[in-house]
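Source file: input.txt; contents: compact mmCIF, C-alpha atoms.
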# COMPACT_ATOMS: atom_id res chain seq x y z
CA LEU P 190 -149.26 -12.05 -14.78
CA LYS P 191 -151.29 -10.31 -12.19
CA VAL P 192 -150.59 -11.00 -8.51
CA LEU P 193 -152.79 -9.54 -5.78
CA ALA P 194 -151.51 -9.82 -2.23
CA ASP P 195 -153.72 -8.72 0.65
CA THR P 196 -151.23 -8.26 3.44
CA ASN P 197 -153.93 -7.65 6.01
CA LYS P 198 -155.34 -11.17 5.59
CA LYS P 199 -152.11 -13.13 5.05
CA LYS P 200 -150.20 -11.31 7.79
CA PRO P 201 -152.72 -10.19 10.42
CA HIS P 202 -150.03 -8.99 12.76
CA LEU P 203 -149.05 -6.22 10.35
CA ASN P 204 -150.58 -2.81 10.64
CA SER P 205 -153.25 -2.48 7.93
CA GLN P 206 -152.69 1.25 7.60
CA ARG P 207 -148.96 0.86 7.31
CA TYR P 208 -149.17 -2.00 4.83
CA PRO P 209 -152.11 -1.33 2.50
CA LEU P 210 -153.31 -3.57 -0.30
CA MET P 211 -150.34 -4.30 -2.61
CA LYS P 212 -150.82 -4.70 -6.38
CA LEU P 213 -148.06 -5.98 -8.59
CA GLN P 214 -148.57 -5.83 -12.36
CA LEU P 215 -146.01 -7.74 -14.45
CA GLN P 216 -146.06 -7.32 -18.21
CA PRO P 217 -145.28 -10.37 -20.40
CA THR P 218 -142.12 -10.35 -22.48
CA ALA P 219 -142.80 -8.71 -25.85
CA THR P 220 -142.57 -11.03 -28.83
CA LEU P 221 -140.89 -9.68 -31.95
CA THR P 222 -143.02 -10.10 -35.03
CA TYR P 223 -142.07 -9.24 -38.57
CA ARG P 224 -144.05 -6.16 -39.50
CA LYS P 225 -143.15 -5.33 -43.04
CA ALA P 226 -144.02 -1.95 -44.50
CA GLU P 227 -146.71 -2.48 -47.09
CA LYS P 228 -145.31 -1.65 -50.50
CA THR P 229 -148.78 -0.80 -51.76
CA LYS P 230 -148.97 2.12 -49.33
CA ILE P 231 -145.68 3.74 -50.32
CA THR P 232 -146.86 5.37 -53.50
CA GLY P 233 -143.61 7.20 -54.19
CA LEU P 234 -141.48 4.06 -54.30
CA ASN P 235 -143.89 2.30 -56.65
CA VAL P 236 -143.86 5.30 -58.98
CA LEU P 237 -140.07 5.22 -58.78
CA LYS P 238 -140.07 1.52 -59.72
CA LEU P 239 -142.00 2.26 -62.91
CA LEU P 240 -139.69 5.15 -63.80
CA CYS P 241 -136.58 3.05 -63.16
CA ALA P 242 -137.96 0.16 -65.21
CA PHE P 243 -138.15 2.53 -68.17
CA PHE P 244 -134.62 3.73 -67.33
CA VAL P 245 -133.38 0.13 -67.55
CA VAL P 246 -134.87 -0.13 -71.04
CA HIS P 247 -132.98 3.03 -72.03
CA ILE P 248 -129.73 1.50 -70.73
CA HIS P 249 -129.98 -1.42 -73.15
CA VAL P 250 -131.79 0.14 -76.12
CA ASP P 251 -130.30 3.09 -77.99
CA CYS P 252 -132.22 6.08 -79.26
CA LEU P 253 -131.75 9.64 -80.51
CA TYR P 254 -131.05 11.11 -77.06
CA THR P 255 -129.02 8.25 -75.51
CA ASP P 256 -125.91 10.36 -74.79
CA TRP P 257 -127.93 13.01 -72.97
CA VAL P 258 -129.67 10.59 -70.62
CA TYR P 259 -126.86 8.05 -70.30
CA SER P 260 -125.83 9.03 -66.76
CA ILE P 261 -129.43 9.67 -65.68
CA VAL P 262 -130.82 6.26 -66.63
CA HIS P 263 -127.94 4.50 -64.85
CA ILE P 264 -129.36 5.53 -61.49
CA ALA P 265 -132.05 2.87 -62.02
CA VAL P 266 -130.00 -0.08 -60.72
CA PRO P 267 -128.84 1.69 -57.51
CA ILE P 268 -132.43 2.79 -56.82
CA PHE P 269 -133.78 -0.74 -57.29
CA PHE P 270 -131.20 -2.03 -54.81
CA MET P 271 -132.10 0.76 -52.37
CA ILE P 272 -135.79 -0.13 -52.60
CA SER P 273 -134.87 -3.75 -51.86
CA GLY P 274 -132.81 -2.63 -48.86
CA TYR P 275 -135.62 -0.41 -47.62
CA PHE P 276 -138.03 -3.35 -47.42
CA LEU P 277 -135.43 -5.75 -46.02
CA CYS P 278 -136.02 -4.93 -42.35
CA ASP P 279 -139.16 -4.67 -40.25
CA ASP P 280 -140.66 -1.56 -38.68
CA THR P 281 -138.21 -1.74 -35.78
CA GLY P 282 -135.19 -1.89 -38.10
CA VAL P 283 -134.49 -5.58 -37.44
CA ILE P 284 -133.54 -7.84 -40.35
CA GLN P 285 -135.22 -11.24 -40.13
CA THR P 286 -133.25 -14.08 -41.70
CA GLY P 287 -136.53 -15.88 -42.32
CA HIS P 288 -137.62 -13.03 -44.57
CA ILE P 289 -134.34 -13.23 -46.49
CA LYS P 290 -134.86 -16.98 -47.02
CA LYS P 291 -138.31 -16.32 -48.46
CA ILE P 292 -136.88 -13.80 -50.93
CA ILE P 293 -134.14 -16.19 -52.05
CA LYS P 294 -136.62 -19.05 -52.36
CA HIS P 295 -138.77 -16.83 -54.56
CA MET P 296 -135.92 -15.49 -56.71
CA ILE P 297 -134.17 -18.76 -57.61
CA PRO P 298 -137.03 -20.02 -59.86
CA VAL P 299 -137.11 -16.55 -61.45
CA ILE P 300 -133.41 -16.70 -62.34
CA ILE P 301 -133.70 -20.23 -63.75
CA PHE P 302 -136.85 -19.44 -65.75
CA VAL P 303 -135.59 -16.15 -67.23
CA ASN P 304 -132.21 -17.62 -68.21
CA LEU P 305 -133.93 -20.63 -69.76
CA ILE P 306 -136.15 -18.41 -71.94
CA TYR P 307 -133.19 -16.32 -73.13
CA PHE P 308 -131.13 -19.46 -73.73
CA LEU P 309 -133.89 -20.93 -75.91
CA TYR P 310 -134.12 -17.63 -77.76
CA SER P 311 -130.37 -17.67 -78.37
CA LEU P 312 -130.79 -20.94 -80.28
CA ILE P 313 -133.04 -19.28 -82.87
CA PRO P 314 -131.02 -18.46 -86.00
CA GLU P 315 -130.88 -14.94 -87.36
CA PRO P 316 -132.60 -12.73 -88.46
CA TYR P 317 -135.22 -13.60 -85.83
CA GLY P 318 -132.71 -14.80 -83.27
CA HIS P 319 -130.05 -12.62 -81.73
CA SER P 320 -126.97 -14.79 -81.37
CA CYS P 321 -126.63 -18.57 -81.37
CA LYS P 322 -124.72 -19.90 -78.37
CA LEU P 323 -124.63 -23.59 -79.24
CA ASP P 324 -120.89 -23.41 -79.87
CA GLN P 325 -120.40 -21.76 -76.47
CA LEU P 326 -122.05 -24.46 -74.39
CA SER P 327 -118.79 -26.42 -74.22
CA SER P 328 -116.91 -23.37 -72.92
CA PRO P 329 -116.43 -23.20 -69.14
CA ASP P 330 -116.65 -19.37 -69.30
CA THR P 331 -120.31 -19.61 -70.33
CA TRP P 332 -121.26 -21.54 -67.21
CA VAL P 333 -119.00 -19.53 -64.93
CA LEU P 334 -120.60 -16.29 -66.12
CA LEU P 335 -124.03 -17.87 -65.61
CA ILE P 336 -123.26 -18.18 -61.88
CA TYR P 337 -121.17 -15.04 -61.47
CA PRO P 338 -121.98 -12.39 -62.42
CA GLY P 339 -124.95 -14.08 -64.12
CA SER P 340 -124.83 -12.55 -67.59
CA SER P 341 -124.36 -15.55 -69.90
CA PHE P 342 -127.73 -15.58 -71.65
CA PHE P 343 -129.66 -12.73 -70.02
CA HIS P 344 -127.16 -9.88 -69.95
CA PRO P 345 -128.93 -7.80 -67.24
CA GLY P 346 -129.24 -10.99 -65.16
CA TRP P 347 -126.15 -9.99 -63.18
CA TYR P 348 -128.56 -7.88 -61.08
CA LEU P 349 -130.51 -10.95 -59.94
CA ASN P 350 -127.38 -12.94 -59.09
CA ALA P 351 -125.85 -9.98 -57.27
CA TYR P 352 -129.07 -9.55 -55.29
CA ILE P 353 -129.13 -13.22 -54.22
CA ILE P 354 -125.46 -13.28 -53.18
CA ALA P 355 -125.81 -9.96 -51.34
CA LEU P 356 -128.78 -11.34 -49.39
CA CYS P 357 -126.74 -14.39 -48.38
CA VAL P 358 -123.95 -12.12 -47.11
CA ILE P 359 -126.45 -9.97 -45.20
CA ALA P 360 -128.03 -13.08 -43.61
CA LEU P 361 -124.57 -14.17 -42.46
CA LEU P 362 -123.84 -10.74 -40.97
CA VAL P 363 -127.17 -10.82 -39.15
CA LYS P 364 -126.33 -14.23 -37.69
CA LEU P 365 -123.01 -12.82 -36.49
CA HIS P 366 -124.77 -9.71 -35.07
CA CYS P 367 -122.63 -7.36 -37.14
CA ASP P 368 -125.02 -6.20 -39.87
CA LYS P 369 -124.02 -2.58 -39.16
CA LEU P 370 -120.78 -3.34 -41.01
CA LEU P 371 -122.90 -2.85 -44.12
CA TYR P 372 -122.71 0.90 -43.51
CA VAL P 373 -118.90 0.75 -43.62
CA TRP P 374 -119.06 -1.25 -46.83
CA ILE P 375 -120.99 1.55 -48.53
CA PHE P 376 -117.76 3.55 -48.75
CA ILE P 377 -115.43 0.60 -49.48
CA GLY P 378 -117.61 -0.87 -52.23
CA LEU P 379 -118.24 2.44 -53.95
CA PHE P 380 -114.54 3.34 -53.82
CA ILE P 381 -113.65 0.10 -55.65
CA ASN P 382 -116.42 0.77 -58.15
CA PHE P 383 -115.27 4.32 -58.79
CA ALA P 384 -111.62 3.29 -59.27
CA PHE P 385 -112.54 0.90 -62.08
CA GLY P 386 -115.58 2.78 -63.31
CA ALA P 387 -116.01 6.51 -62.95
CA LEU P 388 -112.27 7.19 -62.67
CA ALA P 389 -111.05 4.47 -65.02
CA PHE P 390 -111.03 6.82 -67.99
CA THR P 391 -108.16 8.72 -66.35
CA TRP P 392 -105.76 5.78 -66.47
CA LEU P 393 -107.09 3.58 -69.32
CA ASP P 394 -106.20 4.47 -72.90
CA ASN P 395 -109.22 2.75 -74.44
CA ALA P 396 -111.96 0.23 -73.81
CA ASN P 397 -109.67 -2.65 -74.85
CA ALA P 398 -106.98 -1.77 -72.31
CA THR P 399 -105.64 -4.33 -69.85
CA PHE P 400 -104.98 -4.15 -66.13
CA LEU P 401 -102.58 -6.70 -64.59
CA GLY P 402 -102.86 -8.64 -67.81
CA ILE P 403 -106.67 -8.83 -67.63
CA GLU P 404 -108.92 -7.20 -70.24
CA TYR P 405 -110.82 -4.23 -68.87
CA SER P 406 -114.13 -5.65 -70.15
CA LYS P 407 -113.64 -8.61 -67.80
CA ILE P 408 -112.51 -6.35 -64.98
CA SER P 409 -115.72 -4.39 -65.46
CA LEU P 410 -117.76 -7.55 -64.98
CA ILE P 411 -115.74 -8.52 -61.91
CA LEU P 412 -115.70 -5.12 -60.19
CA ASN P 413 -118.59 -3.08 -61.58
CA ARG P 414 -121.53 -5.51 -61.92
CA ASN P 415 -121.58 -7.61 -58.80
CA PHE P 416 -122.82 -8.02 -55.27
CA TYR P 417 -120.01 -6.28 -53.36
CA THR P 418 -119.45 -2.99 -55.20
CA ILE P 419 -123.04 -2.38 -56.33
CA ALA P 420 -125.62 -4.54 -54.55
CA LEU P 421 -124.33 -4.44 -50.95
CA PRO P 422 -123.56 -0.68 -50.83
CA PHE P 423 -126.92 0.40 -52.23
CA ILE P 424 -128.94 -2.18 -50.28
CA ALA P 425 -127.17 -0.81 -47.19
CA MET P 426 -128.21 2.73 -48.20
CA GLY P 427 -131.87 1.68 -48.43
CA LEU P 428 -131.58 -0.10 -45.09
CA PHE P 429 -130.03 3.02 -43.53
CA VAL P 430 -132.90 5.18 -44.80
CA ARG P 431 -135.50 2.78 -43.38
CA ARG P 432 -133.81 2.64 -39.97
CA ASN P 433 -133.34 6.42 -39.81
CA GLN P 434 -136.50 7.49 -41.58
CA LYS P 435 -137.71 9.69 -38.72
CA HIS P 436 -134.46 11.65 -38.70
CA LEU P 437 -134.41 11.98 -42.49
CA ALA P 438 -138.09 12.91 -42.83
CA ARG P 439 -137.56 16.67 -42.65
CA MET P 440 -134.76 16.59 -45.23
CA ALA P 441 -136.76 14.31 -47.55
CA ALA P 442 -139.80 16.59 -47.41
CA SER P 443 -137.78 19.78 -47.87
CA LYS P 444 -138.42 21.88 -50.94
CA TYR P 445 -134.66 21.97 -51.48
CA MET P 446 -134.79 18.30 -52.48
CA TYR P 447 -136.18 19.45 -55.85
CA VAL P 448 -133.06 21.54 -56.38
CA ALA P 449 -130.74 18.76 -55.19
CA VAL P 450 -132.26 16.19 -57.57
CA VAL P 451 -132.09 18.49 -60.60
CA LEU P 452 -128.54 19.70 -59.89
CA LEU P 453 -127.17 16.18 -59.35
CA LEU P 454 -128.83 14.83 -62.50
CA VAL P 455 -127.47 17.75 -64.55
CA ALA P 456 -124.04 17.26 -62.97
CA GLY P 457 -124.16 13.60 -64.02
CA VAL P 458 -124.87 14.57 -67.62
CA ALA P 459 -121.98 17.07 -67.58
CA GLU P 460 -119.68 14.44 -66.06
CA HIS P 461 -120.54 11.93 -68.78
CA MET P 462 -119.91 14.45 -71.56
CA TRP P 463 -116.60 15.41 -69.95
CA GLN P 464 -115.54 11.77 -69.76
CA LYS P 465 -116.36 11.27 -73.43
CA SER P 466 -114.36 14.34 -74.43
CA ILE P 467 -111.26 13.00 -72.65
CA ASN P 468 -111.60 9.33 -73.50
CA PRO P 469 -113.85 7.81 -76.20
CA ALA P 470 -114.29 4.69 -74.04
CA ILE P 471 -117.60 4.95 -72.19
CA PHE P 472 -117.89 3.68 -68.64
CA ASN P 473 -121.27 3.34 -67.02
CA THR P 474 -120.21 4.39 -63.51
CA HIS P 475 -120.21 8.06 -62.60
CA LEU P 476 -119.29 9.91 -59.45
CA PHE P 477 -122.70 11.60 -59.33
CA THR P 478 -124.68 8.36 -59.83
CA PRO P 479 -124.97 7.32 -56.15
CA LEU P 480 -125.66 10.90 -55.03
CA ALA P 481 -128.37 11.39 -57.64
CA ALA P 482 -129.87 7.98 -56.84
CA MET P 483 -129.98 8.67 -53.11
CA SER P 484 -131.49 12.13 -53.58
CA LEU P 485 -134.20 10.86 -55.93
CA PHE P 486 -134.94 7.98 -53.54
CA LEU P 487 -135.38 10.36 -50.60
CA PHE P 488 -137.35 12.75 -52.80
CA ALA P 489 -139.86 10.04 -53.76
CA LEU P 490 -140.56 8.71 -50.25
CA PRO P 491 -142.88 11.47 -48.94
CA ARG P 492 -144.23 12.60 -52.31
CA PHE P 493 -146.50 11.31 -55.10
CA LYS P 494 -149.81 11.29 -53.21
CA ALA P 495 -152.00 8.29 -53.82
CA ASN P 496 -154.99 10.22 -55.17
CA ARG P 497 -152.93 11.68 -58.03
CA TRP P 498 -150.34 9.00 -58.67
CA GLN P 499 -152.19 5.78 -57.84
CA THR P 500 -152.31 4.58 -61.45
CA ALA P 501 -148.56 5.05 -61.93
CA ALA P 502 -147.95 3.41 -58.54
CA ASN P 503 -150.07 0.40 -59.52
CA TYR P 504 -148.17 0.13 -62.79
CA GLY P 505 -144.86 0.20 -60.93
CA GLN P 506 -145.94 -2.42 -58.43
CA ARG P 507 -147.41 -4.79 -61.02
CA TYR P 508 -145.33 -4.37 -64.16
CA SER P 509 -141.81 -3.11 -63.32
CA ALA P 510 -140.34 -6.60 -62.80
CA SER P 511 -141.78 -7.96 -66.06
CA ILE P 512 -140.48 -4.93 -67.97
CA TYR P 513 -137.01 -5.68 -66.61
CA TYR P 514 -137.19 -9.40 -67.45
CA TRP P 515 -138.57 -9.20 -70.97
CA HIS P 516 -137.57 -5.85 -72.50
CA LEU P 517 -134.60 -7.41 -74.29
CA LEU P 518 -136.83 -10.00 -75.96
CA VAL P 519 -139.16 -7.20 -77.03
CA ASN P 520 -136.21 -5.30 -78.46
CA TYR P 521 -134.68 -8.31 -80.24
CA ILE P 522 -137.83 -9.86 -81.68
CA ILE P 523 -140.31 -7.02 -82.24
CA LEU P 524 -138.16 -3.92 -82.60
CA GLU P 525 -135.00 -5.13 -84.33
CA SER P 526 -136.36 -8.09 -86.33
CA LEU P 527 -139.85 -6.94 -87.29
CA LEU P 528 -140.17 -3.14 -87.09
CA GLN P 529 -136.73 -1.72 -87.91
CA PRO P 530 -136.62 -3.25 -91.42
CA LEU P 531 -139.84 -1.33 -92.20
CA ALA P 532 -138.50 2.09 -91.16
CA PRO P 533 -134.84 1.81 -90.07
CA THR P 534 -134.24 5.48 -89.26
CA PHE P 535 -137.43 6.04 -87.28
CA PHE P 536 -137.21 2.90 -85.15
CA SER P 537 -133.49 3.43 -84.60
CA ASP P 538 -133.99 7.02 -83.44
CA TRP P 539 -136.92 6.19 -81.17
CA GLY P 540 -136.09 2.61 -80.23
CA ALA P 541 -135.94 3.09 -76.44
CA PRO P 542 -139.32 4.82 -75.88
CA ILE P 543 -141.04 2.44 -78.31
CA CYS P 544 -139.50 -0.51 -76.48
CA CYS P 545 -140.78 0.95 -73.18
CA ILE P 546 -144.34 1.03 -74.50
CA LEU P 547 -144.17 -2.48 -76.00
CA SER P 548 -142.57 -3.91 -72.85
CA LEU P 549 -145.28 -2.32 -70.71
CA LEU P 550 -147.99 -3.86 -72.90
CA LEU P 551 -146.34 -7.28 -72.60
CA ALA P 552 -146.06 -6.88 -68.83
CA MET P 553 -149.77 -5.99 -68.62
CA PHE P 554 -150.64 -9.05 -70.66
CA ILE P 555 -148.57 -11.31 -68.38
CA TYR P 556 -150.06 -9.80 -65.22
CA HIS P 557 -153.68 -10.13 -66.33
CA SER P 558 -153.03 -13.65 -67.61
CA LYS P 559 -151.81 -14.55 -64.12
CA GLN P 560 -154.96 -13.05 -62.63
CA LYS P 561 -157.17 -14.99 -65.03
CA TYR P 562 -155.33 -18.31 -64.85
CA LYS P 563 -154.53 -18.83 -61.18
CA THR P 564 -152.42 -21.91 -61.93
CA ILE P 565 -149.59 -19.77 -63.33
CA PRO P 566 -146.81 -19.48 -60.69
CA SER P 567 -146.44 -15.97 -59.25
CA TRP P 568 -142.71 -15.82 -60.05
CA MET P 569 -143.42 -16.10 -63.79
CA GLY P 570 -144.60 -12.50 -63.67

Please express what this file holds, its structure, as structure tokens.
Amino acid sequence: LKVLADTNKKKPHLNSQRYPLMKLQLQPTATLTYRKAEKTKITGLNVLKLLCAFFVVHIHVDCLYTDWVYSIVHIAVPIFFMISGYFLCDDTGVIQTGHIKKIIKHMIPVIIFVNLIYFLYSLIPEPYGHSCKLDQLSSPDTWVLLIYPGSSFFHPGWYLNAYIIALCVIALLVKLHCDKLLYVWIFIGLFINFAFGALAFTWLDNANATFLGIEYSKISLILNRNFYTIALPFIAMGLFVRRNQKHLARMAASKYMYVAVVLLLVAGVAEHMWQKSINPAIFNTHLFTPLAAMSLFLFALPRFKANRWQTAANYGQRYSASIYYWHLLVNYIILESLLQPLAPTFFSDWGAPICCILSLLLAMFIYHSKQKYKTIPSWMG
């Protein structure tokens, strides 16, 4: 609004020299719009997505060097959650509940579709099928695990369910204007996870041990693969980085980040070997996992320039999700059923990297099929 008041004309009795022409400029109230950082422009995070997609394959497919990379590849899930948290808020650091609703609306068909495909696969008898679950359909546990943690038919599906539930919790906190409590939960959630994960080997005799009458394998599902000890803490970390990116920029760009990443990854390997030497039961949570994940996440943000890494960034943006969804099918059908009988030792020793290549090829086929046939829903990719 612009108001011009000429006091000399409206009030002629006033001295024109004492009361000159008055100008009042009022700015309109600023409207908050959702300005999301374009994922295509953050080359480092897209490269990281491709790397972590291959890490996820190594988590579920064994190979010759599994023990040596066991703790390293387990940083993939925390990093994926941190990337999700990074893109959860707008440029001003505000979380829009409308954006969360769009994500949930997009993810629900994905969860249903992926679980349906793996359920249909589970009905195929061996040797081409993996395990028939017809006799388990009448069990309540099957359907409970399908909802929480989400690992009935698609074992890594707990990530999707944890992500959806965590988003619902975050939306509620935003409505209550207390989303900064997420930062407090970083420490609470990780402490619970460490007690029954990284430190569990100190008080459990073996993998079949019980705690309060409950089998540890079930405790692991309840406390280690869920929305409150994994998803919420690491989403909060990504959100913290986005909101404080200017303050963290110097540290992220420092040459010492190279040293920090290498040292923490090596420390994770040493920790895993130490755990195995004390207790043969293997637990997939390590004390150095969140530190290594955070350091690699910060390391990737300002690096990987587009002119050198654009191809890897495009691969990460386009194919990482499909690699995650379908790598188990590739392993079960192509690797285990078709290739391993031909050369058991070779495909057993190099199963994980071969599965990475085959999963990437399948993801490329799905992506380009979507581009060619526009009627295919976007979430099927």

*Fewer than 5 positions away in the same chain doesn't count, so skip those; otherwise give me all residues within 12 Å of Ser511 (chain P), counting all atoms listed in the file, as an MDAnalysis selection string.*
chainID P and resid 238:239 242:243 245:246 299 303 504:506 516:519 545 547:556 567:570

Give the padded box for region 520-537 of chain P as AutoDock Vina command-line options: axis-aligned, covering all atoms listed in the file, 8 Å on each side, centre and edge lengths in Å to one decimal.
--center_x -136.9 --center_y -1.9 --center_z -85.3 --size_x 22.8 --size_y 31.9 --size_z 29.7

_I'd like the neighbourhood of Gly233 (chain P) as a list in words, where a residue qualifies if any of its atoms comes within 9 Å (using all atoms listed in the file), though same-chain residues fewer than 4 positions away should be ignored._
Leu237, Lys238, Phe486, Phe488, Ala489, Leu490, Pro491, Arg492, Phe493, Lys494, Ala495, Trp498 and Ala502 of chain P

*For the atom pair CA of Phe270 (chain P) and CA of Ala351 (chain P), what is the interatomic distance in Å to one decimal place?*
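The value is 9.9 Å.
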
*Could you jot down the CA of His475 (chain P) to CA of Leu421 (chain P) separation for me, Å, one decimal place?*
17.6 Å

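In this comparison, which uses all atoms listed in the file, the residue of P:Leu309, P:Leu365, P:Leu531, P:Ile264 approaching Ala481 (chain P) most closely is P:Ile264.
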
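For the pair CA of Leu371 (chain P) and CA of Met426 (chain P), the interatomic distance is 8.7 Å.
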
*Pick from P:Val451, P:Ala384, P:Cys544, P:Ile377 nearest to Tyr417 (chain P), counting all atoms listed in the file*: P:Ile377

Report the closest atom pair, with its distance in Å rounded to one decimal, for each residue of region 334-390 of chain P that has an atom no farther than 10 Å from region 275-283 of chain P; count only C-alpha atoms, sort by chain and then rising residue number, and write it as CSV.
residue,atom,partner,partner_atom,distance
P:Leu356,CA,P:Leu277,CA,9.3
P:Ile359,CA,P:Leu277,CA,10.0
P:Val363,CA,P:Val283,CA,9.2
P:Asp368,CA,P:Val283,CA,9.8

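Counting only C-alpha atoms and comparing P:Pro329, P:Gly427, P:Pro345, P:Pro542, the residue that lies closest to Tyr307 (chain P) is P:Pro345.
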
_Minimum-distance residue to Asn520 (chain P), chosen among P:Ala501, P:Ala541, P:Cys241, P:Val450 (using only C-alpha atoms)_ = P:Ala541

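Within the 12 Å cut-off around Phe536 (chain P), using only C-alpha atoms and omitting residues fewer than 4 positions from it on the same chain, the listed residues are Val250, Asp251, Cys252, Leu253, Asn520, Ile523, Leu524, Glu525, Ser526, Leu527, Leu528, Gln529, Pro530, Leu531, Ala532, Gly540, Ala541, Pro542, Ile543 and Cys544 of chain P.
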
*His344 (chain P): which residues within 12 Å, counting only C-alpha atoms, same-chain residues fewer than 6 positions away excluded, as number ranges by chain?*
P: 248-249, 300, 303-304, 307-308, 311, 331, 334-335, 337-338, 350, 410, 414, 513-518
